[in-house]
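Chemist: Below you'll find target-v7.cif; it's mmCIF, C-alpha atoms.
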data_start
#
loop_
_atom_site.label_atom_id
_atom_site.label_comp_id
_atom_site.auth_asym_id
_atom_site.auth_seq_id
_atom_site.Cartn_x
_atom_site.Cartn_y
_atom_site.Cartn_z
CA MET A 1 48.19 -65.97 -141.48
CA ARG A 2 51.65 -65.71 -139.88
CA ASP A 3 52.36 -69.29 -140.93
CA LEU A 4 51.89 -68.29 -144.58
CA GLY A 5 54.96 -66.08 -144.43
CA VAL A 6 56.88 -68.63 -142.36
CA GLY A 7 56.30 -71.30 -145.00
CA PHE A 8 57.53 -69.01 -147.77
CA ARG A 9 60.65 -68.18 -145.74
CA TYR A 10 61.45 -71.88 -145.44
CA LEU A 11 61.28 -72.11 -149.23
CA LEU A 12 63.74 -69.22 -149.55
CA ARG A 13 66.01 -70.59 -146.79
CA GLY A 14 66.21 -73.92 -148.58
CA GLN A 15 67.31 -72.25 -151.80
CA ARG A 16 69.91 -70.20 -149.90
CA TRP A 17 71.20 -73.34 -148.19
CA VAL A 18 71.92 -75.16 -151.46
CA ALA A 19 73.40 -71.98 -152.94
CA ARG A 20 76.00 -72.11 -150.14
CA HIS A 21 76.62 -75.83 -150.66
CA GLY A 22 77.39 -76.13 -154.35
CA ARG A 23 78.37 -79.79 -154.28
CA GLN A 24 75.09 -80.83 -152.68
CA TYR A 25 73.22 -78.69 -155.19
CA GLY A 26 75.03 -80.27 -158.13
CA PHE A 27 74.21 -83.82 -157.01
CA GLY A 28 70.63 -82.75 -156.30
CA LEU A 29 70.15 -81.62 -159.90
CA LEU A 30 70.78 -85.06 -161.41
CA PRO A 31 67.46 -86.79 -160.51
CA GLY A 32 65.41 -83.84 -161.80
CA LEU A 33 67.30 -83.79 -165.09
CA ILE A 34 66.75 -87.53 -165.59
CA THR A 35 63.03 -87.19 -164.84
CA LEU A 36 62.71 -84.17 -167.14
CA VAL A 37 64.23 -86.07 -170.07
CA LEU A 38 61.91 -89.05 -169.49
CA TYR A 39 58.79 -86.88 -169.24
CA ALA A 40 59.77 -84.77 -172.25
CA ALA A 41 60.19 -87.93 -174.34
CA VAL A 42 56.72 -89.17 -173.36
CA LEU A 43 55.05 -85.83 -174.09
CA VAL A 44 56.80 -85.48 -177.46
CA ALA A 45 55.69 -89.01 -178.39
CA LEU A 46 52.15 -88.12 -177.35
CA ALA A 47 52.21 -84.96 -179.46
CA LEU A 48 53.44 -86.91 -182.48
CA TRP A 49 51.26 -90.02 -182.21
CA GLY A 50 48.44 -89.02 -179.87
CA GLU A 51 46.02 -88.37 -182.70
CA ASP A 52 46.75 -91.82 -184.18
CA ALA A 53 46.07 -93.40 -180.79
CA VAL A 54 42.76 -91.57 -180.49
CA THR A 55 41.77 -92.60 -184.02
CA TRP A 56 42.55 -96.23 -183.18
CA ALA A 57 40.51 -96.01 -179.97
CA THR A 58 37.44 -94.49 -181.69
CA PRO A 59 36.60 -96.72 -184.68
CA PHE A 60 32.91 -95.89 -184.23
CA ALA A 61 33.63 -92.38 -185.57
CA ASP A 62 35.00 -93.62 -188.90
CA ASP A 63 31.63 -93.30 -190.60
CA TRP A 64 30.81 -89.86 -189.22
CA SER A 65 30.36 -87.10 -191.79
CA SER A 66 32.92 -84.33 -192.11
CA PRO A 67 33.89 -82.31 -190.12
CA TRP A 68 32.42 -84.01 -187.03
CA ALA A 69 34.82 -86.93 -186.88
CA GLY A 70 37.85 -84.64 -187.10
CA LEU A 71 36.48 -82.22 -184.51
CA PHE A 72 35.59 -85.03 -182.11
CA ARG A 73 38.96 -86.73 -182.39
CA GLY A 74 40.80 -83.42 -182.22
CA PHE A 75 38.97 -82.58 -179.00
CA LEU A 76 39.82 -85.99 -177.50
CA THR A 77 43.47 -85.59 -178.52
CA ALA A 78 43.63 -82.19 -176.81
CA VAL A 79 41.97 -83.59 -173.67
CA LEU A 80 44.38 -86.54 -173.65
CA PHE A 81 47.41 -84.27 -173.94
CA ALA A 82 46.06 -81.90 -171.25
CA LEU A 83 45.43 -84.78 -168.83
CA CYS A 84 48.90 -86.22 -169.43
CA LEU A 85 50.45 -82.79 -168.92
CA LEU A 86 48.52 -82.38 -165.67
CA LEU A 87 49.60 -85.85 -164.57
CA ALA A 88 53.20 -84.99 -165.43
CA VAL A 89 53.05 -81.88 -163.22
CA VAL A 90 51.40 -83.79 -160.37
CA THR A 91 53.79 -86.75 -160.50
CA PHE A 92 57.02 -84.94 -161.39
CA THR A 93 58.06 -84.46 -157.77
CA ALA A 94 57.13 -88.00 -156.74
CA VAL A 95 59.06 -89.59 -159.62
CA THR A 96 62.05 -87.30 -159.12
CA LEU A 97 62.15 -88.09 -155.40
CA LEU A 98 61.93 -91.81 -156.13
CA ILE A 99 64.74 -91.67 -158.69
CA GLY A 100 66.81 -89.40 -156.47
CA GLN A 101 66.08 -91.07 -153.11
CA PRO A 102 69.76 -91.61 -152.17
CA PHE A 103 70.69 -88.08 -153.32
CA TYR A 104 67.89 -86.33 -151.44
CA GLU A 105 68.28 -88.47 -148.33
CA ASN A 106 71.90 -87.37 -148.16
CA LEU A 107 71.00 -83.74 -148.81
CA SER A 108 68.28 -83.78 -146.14
CA GLU A 109 70.65 -85.35 -143.61
CA LYS A 110 73.25 -82.65 -144.33
CA VAL A 111 70.63 -79.95 -143.70
CA ASP A 112 69.59 -81.62 -140.43
CA GLN A 113 73.19 -81.85 -139.28
CA ASP A 114 73.83 -78.24 -140.23
CA VAL A 115 70.88 -76.70 -138.37
CA SER A 116 70.60 -79.10 -135.43
CA PRO A 117 72.05 -77.63 -132.21
CA ASP A 118 73.88 -80.91 -131.52
CA GLY A 119 74.79 -81.57 -135.17
CA HIS A 120 72.73 -84.76 -135.16
CA ALA A 121 70.54 -85.97 -138.04
CA PRO A 122 67.80 -88.55 -137.34
CA GLU A 123 68.27 -91.88 -139.11
CA SER A 124 65.64 -94.43 -140.04
CA GLY A 125 67.94 -97.40 -139.54
CA LEU A 126 66.31 -99.12 -142.52
CA PRO A 127 68.22 -100.60 -145.48
CA LEU A 128 68.08 -98.66 -148.76
CA TRP A 129 65.75 -101.13 -150.48
CA ARG A 130 63.27 -100.81 -147.64
CA GLU A 131 63.37 -97.01 -147.78
CA LEU A 132 62.83 -97.13 -151.56
CA TRP A 133 59.86 -99.46 -151.13
CA ILE A 134 58.24 -97.22 -148.50
CA SER A 135 58.88 -94.14 -150.62
CA ALA A 136 57.39 -95.75 -153.75
CA ARG A 137 54.36 -97.06 -151.87
CA ASP A 138 53.60 -93.76 -150.17
CA SER A 139 54.25 -91.76 -153.35
CA LEU A 140 51.75 -93.92 -155.23
CA ARG A 141 49.13 -93.28 -152.57
CA VAL A 142 49.73 -89.54 -152.70
CA VAL A 143 49.70 -89.48 -156.51
CA VAL A 144 46.34 -91.29 -156.57
CA ARG A 145 44.91 -88.70 -154.19
CA ALA A 146 46.37 -85.87 -156.26
CA ALA A 147 45.14 -87.40 -159.52
CA LEU A 148 41.58 -87.64 -158.17
CA TRP A 149 41.74 -83.96 -157.26
CA GLY A 150 43.19 -83.22 -160.69
CA VAL A 151 40.37 -84.99 -162.54
CA LEU A 152 37.77 -83.21 -160.37
CA LEU A 153 39.32 -79.80 -160.98
CA PHE A 154 39.72 -80.55 -164.69
CA GLY A 155 36.00 -81.28 -164.91
CA CYS A 156 35.17 -78.11 -162.96
CA GLY A 157 37.28 -76.18 -165.44
CA PHE A 158 34.43 -76.40 -167.95
CA ILE A 159 32.13 -74.37 -165.66
CA PRO A 160 31.77 -70.90 -167.22
CA VAL A 161 33.69 -68.08 -165.49
CA VAL A 162 34.42 -70.12 -162.33
CA GLY A 163 36.34 -72.72 -164.32
CA GLN A 164 38.63 -70.07 -165.77
CA THR A 165 39.20 -68.06 -162.57
CA VAL A 166 38.58 -69.86 -159.28
CA VAL A 167 39.41 -73.42 -160.32
CA PRO A 168 43.00 -72.72 -161.48
CA VAL A 169 43.74 -70.98 -158.17
CA ILE A 170 42.34 -73.91 -156.19
CA GLY A 171 44.39 -76.23 -158.37
CA VAL A 172 47.64 -74.47 -157.46
CA PHE A 173 46.81 -74.67 -153.73
CA VAL A 174 45.93 -78.38 -153.98
CA THR A 175 49.09 -79.11 -155.96
CA GLY A 176 51.12 -77.12 -153.42
CA PHE A 177 49.79 -79.23 -150.56
CA PHE A 178 50.71 -82.52 -152.23
CA LEU A 179 54.10 -81.18 -153.35
CA THR A 180 54.86 -80.25 -149.76
CA GLU A 181 53.84 -83.71 -148.55
CA GLU A 182 56.20 -85.36 -151.02
CA LEU A 183 59.09 -83.06 -150.13
CA THR A 184 58.72 -83.21 -146.36
CA ALA A 185 58.39 -87.00 -146.61
CA VAL A 186 62.17 -87.21 -147.19
CA ALA A 187 62.87 -85.87 -143.69
CA LEU A 188 59.78 -87.27 -141.96
CA GLN A 189 60.33 -90.85 -143.16
CA ARG A 190 63.74 -90.79 -141.50
CA ARG A 191 61.87 -89.95 -138.31
CA SER A 192 59.52 -92.93 -138.79
CA VAL A 193 56.44 -90.76 -139.43
CA GLU A 194 53.95 -92.76 -141.50
CA LEU A 195 51.94 -91.34 -144.39
CA ARG A 196 48.68 -90.98 -142.45
CA ALA A 197 50.44 -89.13 -139.64
CA ARG A 198 52.28 -86.93 -142.15
CA LEU A 199 49.05 -85.89 -143.83
CA ALA A 200 47.42 -85.13 -140.48
CA LEU A 201 50.48 -83.14 -139.44
CA LEU A 202 50.36 -81.05 -142.62
CA ARG A 203 46.62 -80.48 -142.34
CA SER A 204 47.14 -79.12 -138.82
CA ARG A 205 49.32 -76.32 -140.29
CA LYS A 206 47.64 -75.68 -143.67
CA THR A 207 48.72 -72.06 -143.97
CA LEU A 208 52.34 -73.06 -143.34
CA VAL A 209 52.05 -75.71 -146.03
CA TRP A 210 50.44 -73.31 -148.50
CA GLY A 211 53.06 -70.66 -147.85
CA PHE A 212 55.73 -73.17 -148.79
CA GLY A 213 53.97 -75.25 -151.44
CA THR A 214 51.79 -72.80 -153.39
CA PRO A 215 54.58 -70.62 -154.86
CA LEU A 216 56.57 -73.78 -155.47
CA ALA A 217 53.62 -75.38 -157.30
CA ALA A 218 53.29 -72.28 -159.49
CA ALA A 219 57.00 -72.50 -160.35
CA PHE A 220 56.79 -76.26 -160.92
CA LEU A 221 54.25 -75.72 -163.71
CA VAL A 222 57.41 -75.31 -165.77
CA PRO A 223 59.25 -78.64 -165.28
CA PHE A 224 62.56 -77.13 -166.43
CA VAL A 225 62.33 -74.64 -163.54
CA ALA A 226 61.41 -77.48 -161.18
CA VAL A 227 64.71 -79.22 -161.91
CA PHE A 228 66.72 -76.27 -160.58
CA LEU A 229 64.46 -75.59 -157.59
CA MET A 230 64.17 -79.20 -156.43
CA PRO A 231 67.38 -79.41 -154.33
CA GLY A 232 66.51 -76.20 -152.48
CA ALA A 233 62.92 -77.38 -152.09
CA VAL A 234 64.13 -80.55 -150.35
CA ALA A 235 66.39 -78.48 -148.09
CA GLY A 236 63.55 -76.08 -147.23
CA ALA A 237 61.13 -78.96 -146.63
CA THR A 238 63.62 -80.47 -144.17
CA LEU A 239 63.65 -77.21 -142.22
CA MET A 240 59.86 -77.11 -142.27
CA ALA A 241 59.67 -80.73 -141.08
CA ARG A 242 61.70 -79.72 -138.03
CA ASP A 243 59.21 -76.92 -137.39
CA LEU A 244 56.25 -79.29 -137.71
CA LEU A 245 57.81 -81.59 -135.10
CA ASP A 246 58.86 -78.69 -132.85
CA GLU A 247 62.57 -79.42 -133.22
CA GLU A 248 65.15 -76.72 -132.64
CA ILE A 249 66.71 -75.01 -135.65
CA ARG A 250 70.06 -73.30 -135.26
CA GLU A 251 69.93 -69.96 -137.01
CA ASP A 252 72.48 -69.37 -139.78
CA GLY A 253 73.65 -72.97 -139.48
CA GLU A 254 75.39 -72.60 -142.81
CA LYS A 255 77.76 -70.06 -141.23
CA GLY A 256 78.34 -72.04 -138.06
CA GLY A 257 76.27 -69.77 -135.86
CA GLN A 258 75.57 -70.92 -132.33
CA ALA A 259 72.20 -69.32 -131.66
CA ALA A 260 69.25 -71.69 -131.63
CA THR A 261 65.56 -71.06 -131.80
CA THR A 262 62.62 -73.22 -130.83
CA LEU A 263 59.93 -72.79 -133.45
CA PRO A 264 56.21 -72.61 -132.61
CA ARG A 265 54.74 -75.83 -131.32
CA PRO A 266 52.02 -77.34 -133.54
CA PRO A 267 48.47 -76.97 -132.23
CA SER A 268 47.34 -79.49 -129.66
CA GLY A 269 46.03 -82.64 -131.18
CA SER A 270 48.76 -82.82 -133.83
CA PRO A 271 49.97 -86.38 -134.42
CA SER A 272 53.18 -87.59 -132.92
CA PRO A 273 55.76 -89.34 -135.06
CA GLY A 274 55.59 -93.08 -134.95
CA ARG A 275 55.51 -96.11 -137.16
#
With the file now loaded, output its structure as structure tokens.
Modeler:
Amino acid sequence: MRDLGVGFRYLLRGQRWVARHGRQYGFGLLPGLITLVLYAAVLVALALWGEDAVTWATPFADDWSSPWAGLFRGFLTAVLFALCLLLAVVTFTAVTLLIGQPFYENLSEKVDQDVSPDGHAPESGLPLWRELWISARDSLRVVVRAALWGVLLFGCGFIPVVGQTVVPVIGVFVTGFFLTEELTAVALQRRSVELRARLALLRSRKTLVWGFGTPLAAAFLVPFVAVFLMPGAVAGATLMARDLLDEEIREDGEKGGQAATTLPRPPSGSPSPGR
């Protein structure tokens, strides 16, 4: 359970880091704002014309007697909007990271340089187009996994009592895990850690991941909040990635402190970075 608190502290440390580096924070806001505008436009369009789309897709209900046709199509419209909203929450981080790849790569490198005892930040050595391709490919794989979980949990939501109590809590934990994977990927990809190895690494420290990702997932349910937390989340995820790989973190790196600490080594059997 100690890891639960450690993960949450990384989330707070990331927010403090960007608060001390205003320029990095300002640049880090841009991708989230762009993504928010795009998603808001899609959801508004769905709210305005979703019912028309459902009516077009269900011609077999045209001859149904009133009020059954209206109730059926209204239910489908609500389900469609709920699924799209869930998909927006699940994919918001992935799309924002893809749009903001150069911004977040730079931010993550600055964090690494700031907290590394030797001031060194690992580099992938890959051209930008290659990094974008890897990021898009891996994000798609993660989103598919998250979407499958989302559909399963959405279906379980119709179970009386359990669907209104237990399922939402599980949903936040699942979302938190995948959010953490997406965020730590920025730092881990620069260290040539492939998706499969990243997932295994995160599963080996689940309580650490939940401590970081669960409160963030709860906050990210409001996309507008997510925009302002995203830069700090990337910074915190970079710190946590160093922990997962047992790299030293210089305490109070933002203030130029010299003390360094070696964080707990992951349990034996954890995957090693490698492409």
Chemist: Which value, in Å to one decimal, gives the distance between CA of Ala53 in chain A and CA of Thr35 in chain A?
Modeler: 24.1 Å
Chemist: Grab the CA of Val144 in chain A to CA of Leu43 in chain A distance for me, in Å with one decimal place.
Modeler: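 Computing it gives 20.3 Å between the two atoms.
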Chemist: Measuring between all atoms listed in the file, which one of A:Thr58, A:Gln164, A:Gln101, A:Thr93 shows the shortest distance to Ala226 in chain A?
Modeler: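 Among the listed residues, the smallest separation from Ala226 in chain A belongs to A:Thr93.
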Chemist: Please report the interatomic distance between CA of Arg23 in chain A and CA of Phe178 in chain A in Å with one decimal.
Modeler: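 CA of Phe178 in chain A lies at a distance of 27.9 Å from CA of Arg23 in chain A.
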Chemist: Within 12 Å of range 135-142 of chain A, counting only C-alpha atoms, which residues qualify if same-chain residues fewer than 4 places away don't, as an NGL selection string?
Modeler: :A and (90-102 or 104-105 or 128-131 or 146-149 or 174-175 or 177-190 or 192-199)
Chemist: Can you spell out as number ranges by chain the set of residues that the PyMOL selection byres ((chain A and resi 19) around 12) selects in the structure I just provided?
Modeler: A: 12-18, 20-26, 28, 228-229, 231-233, 235, 254
Chemist: Give as number ranges by chain every residue, naming chains and numbers as the document does, that has an atom within 10 Å of (58.2, -78.1, -163.9), counting only C-alpha atoms.
Modeler: A: 32, 36, 88-90, 92-93, 216-230
Chemist: Keeping C-alpha atoms for every residue in the selection just given, could you write it to a file as an mmCIF file, in the frame of the given file?
Modeler:
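To be explicit, this is the file written out as part.cif:
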data_model
loop_
_atom_site.group_PDB
_atom_site.id
_atom_site.type_symbol
_atom_site.label_atom_id
_atom_site.label_comp_id
_atom_site.auth_asym_id
_atom_site.auth_seq_id
_atom_site.Cartn_x
_atom_site.Cartn_y
_atom_site.Cartn_z
ATOM 1 C CA GLY A 32 65.410 -83.840 -161.800
ATOM 2 C CA LEU A 36 62.710 -84.170 -167.140
ATOM 3 C CA ALA A 88 53.200 -84.990 -165.430
ATOM 4 C CA VAL A 89 53.050 -81.880 -163.220
ATOM 5 C CA VAL A 90 51.400 -83.790 -160.370
ATOM 6 C CA PHE A 92 57.020 -84.940 -161.390
ATOM 7 C CA THR A 93 58.060 -84.460 -157.770
ATOM 8 C CA LEU A 216 56.570 -73.780 -155.470
ATOM 9 C CA ALA A 217 53.620 -75.380 -157.300
ATOM 10 C CA ALA A 218 53.290 -72.280 -159.490
ATOM 11 C CA ALA A 219 57.000 -72.500 -160.350
ATOM 12 C CA PHE A 220 56.790 -76.260 -160.920
ATOM 13 C CA LEU A 221 54.250 -75.720 -163.710
ATOM 14 C CA VAL A 222 57.410 -75.310 -165.770
ATOM 15 C CA PRO A 223 59.250 -78.640 -165.280
ATOM 16 C CA PHE A 224 62.560 -77.130 -166.430
ATOM 17 C CA VAL A 225 62.330 -74.640 -163.540
ATOM 18 C CA ALA A 226 61.410 -77.480 -161.180
ATOM 19 C CA VAL A 227 64.710 -79.220 -161.910
ATOM 20 C CA PHE A 228 66.720 -76.270 -160.580
ATOM 21 C CA LEU A 229 64.460 -75.590 -157.590
ATOM 22 C CA MET A 230 64.170 -79.200 -156.430
#
Chemist: So what does the PyMOL selection byres ((chain A and resi 167) around 12) actually pick up in this one, as an MDAnalysis selection string?
Modeler: chainID A and resid 149:166 168:174
Chemist: Based on the selection just made, write C-alpha atoms of those residues as a short mmCIF file (atom, residue, chain, number, x, y, z; two decimals), in the frame of the given file.
Modeler:
data_model
loop_
_atom_site.label_atom_id
_atom_site.label_comp_id
_atom_site.auth_asym_id
_atom_site.auth_seq_id
_atom_site.Cartn_x
_atom_site.Cartn_y
_atom_site.Cartn_z
CA TRP A 149 41.74 -83.96 -157.26
CA GLY A 150 43.19 -83.22 -160.69
CA VAL A 151 40.37 -84.99 -162.54
CA LEU A 152 37.77 -83.21 -160.37
CA LEU A 153 39.32 -79.80 -160.98
CA PHE A 154 39.72 -80.55 -164.69
CA GLY A 155 36.00 -81.28 -164.91
CA CYS A 156 35.17 -78.11 -162.96
CA GLY A 157 37.28 -76.18 -165.44
CA PHE A 158 34.43 -76.40 -167.95
CA ILE A 159 32.13 -74.37 -165.66
CA PRO A 160 31.77 -70.90 -167.22
CA VAL A 161 33.69 -68.08 -165.49
CA VAL A 162 34.42 -70.12 -162.33
CA GLY A 163 36.34 -72.72 -164.32
CA GLN A 164 38.63 -70.07 -165.77
CA THR A 165 39.20 -68.06 -162.57
CA VAL A 166 38.58 -69.86 -159.28
CA PRO A 168 43.00 -72.72 -161.48
CA VAL A 169 43.74 -70.98 -158.17
CA ILE A 170 42.34 -73.91 -156.19
CA GLY A 171 44.39 -76.23 -158.37
CA VAL A 172 47.64 -74.47 -157.46
CA PHE A 173 46.81 -74.67 -153.73
CA VAL A 174 45.93 -78.38 -153.98
#
Chemist: Taking only C-alpha atoms into account, name the residue in A:Arg9, A:Leu107, A:Met1, A:Ile134 that is nearest to Phe212 in chain A.
Modeler: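 Of the candidates, the smallest distance to Phe212 in chain A is held by A:Arg9.
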Chemist: The PyMOL selection byres ((chain A and resi 242) around 12) on the file shown: which residues, as a PDB file with C-alpha atoms, in the coordinates of the input?
Modeler:
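Here's the written file part11.pdb:
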ATOM      1  CA  TYR A  10      61.450 -71.880-145.440  1.00  0.00           C
ATOM      2  CA  SER A 108      68.280 -83.780-146.140  1.00  0.00           C
ATOM      3  CA  GLU A 109      70.650 -85.350-143.610  1.00  0.00           C
ATOM      4  CA  VAL A 111      70.630 -79.950-143.700  1.00  0.00           C
ATOM      5  CA  ASP A 112      69.590 -81.620-140.430  1.00  0.00           C
ATOM      6  CA  GLN A 113      73.190 -81.850-139.280  1.00  0.00           C
ATOM      7  CA  VAL A 115      70.880 -76.700-138.370  1.00  0.00           C
ATOM      8  CA  SER A 116      70.600 -79.100-135.430  1.00  0.00           C
ATOM      9  CA  ALA A 121      70.540 -85.970-138.040  1.00  0.00           C
ATOM     10  CA  PRO A 122      67.800 -88.550-137.340  1.00  0.00           C
ATOM     11  CA  THR A 184      58.720 -83.210-146.360  1.00  0.00           C
ATOM     12  CA  ALA A 185      58.390 -87.000-146.610  1.00  0.00           C
ATOM     13  CA  VAL A 186      62.170 -87.210-147.190  1.00  0.00           C
ATOM     14  CA  ALA A 187      62.870 -85.870-143.690  1.00  0.00           C
ATOM     15  CA  LEU A 188      59.780 -87.270-141.960  1.00  0.00           C
ATOM     16  CA  ARG A 190      63.740 -90.790-141.500  1.00  0.00           C
ATOM     17  CA  ARG A 191      61.870 -89.950-138.310  1.00  0.00           C
ATOM     18  CA  LEU A 201      50.480 -83.140-139.440  1.00  0.00           C
ATOM     19  CA  ALA A 235      66.390 -78.480-148.090  1.00  0.00           C
ATOM     20  CA  GLY A 236      63.550 -76.080-147.230  1.00  0.00           C
ATOM     21  CA  ALA A 237      61.130 -78.960-146.630  1.00  0.00           C
ATOM     22  CA  THR A 238      63.620 -80.470-144.170  1.00  0.00           C
ATOM     23  CA  LEU A 239      63.650 -77.210-142.220  1.00  0.00           C
ATOM     24  CA  MET A 240      59.860 -77.110-142.270  1.00  0.00           C
ATOM     25  CA  ALA A 241      59.670 -80.730-141.080  1.00  0.00           C
ATOM     26  CA  ASP A 243      59.210 -76.920-137.390  1.00  0.00           C
ATOM     27  CA  LEU A 244      56.250 -79.290-137.710  1.00  0.00           C
ATOM     28  CA  LEU A 245      57.810 -81.590-135.100  1.00  0.00           C
ATOM     29  CA  ASP A 246      58.860 -78.690-132.850  1.00  0.00           C
ATOM     30  CA  GLU A 247      62.570 -79.420-133.220  1.00  0.00           C
ATOM     31  CA  GLU A 248      65.150 -76.720-132.640  1.00  0.00           C
ATOM     32  CA  ILE A 249      66.710 -75.010-135.650  1.00  0.00           C
ATOM     33  CA  ARG A 250      70.060 -73.300-135.260  1.00  0.00           C
ATOM     34  CA  THR A 261      65.560 -71.060-131.800  1.00  0.00           C
ATOM     35  CA  THR A 262      62.620 -73.220-130.830  1.00  0.00           C
ATOM     36  CA  LEU A 263      59.930 -72.790-133.450  1.00  0.00           C
ATOM     37  CA  PRO A 264      56.210 -72.610-132.610  1.00  0.00           C
ATOM     38  CA  ARG A 265      54.740 -75.830-131.320  1.00  0.00           C
ATOM     39  CA  PRO A 266      52.020 -77.340-133.540  1.00  0.00           C
ATOM     40  CA  PRO A 273      55.760 -89.340-135.060  1.00  0.00           C
TER      41      PRO A 273
END
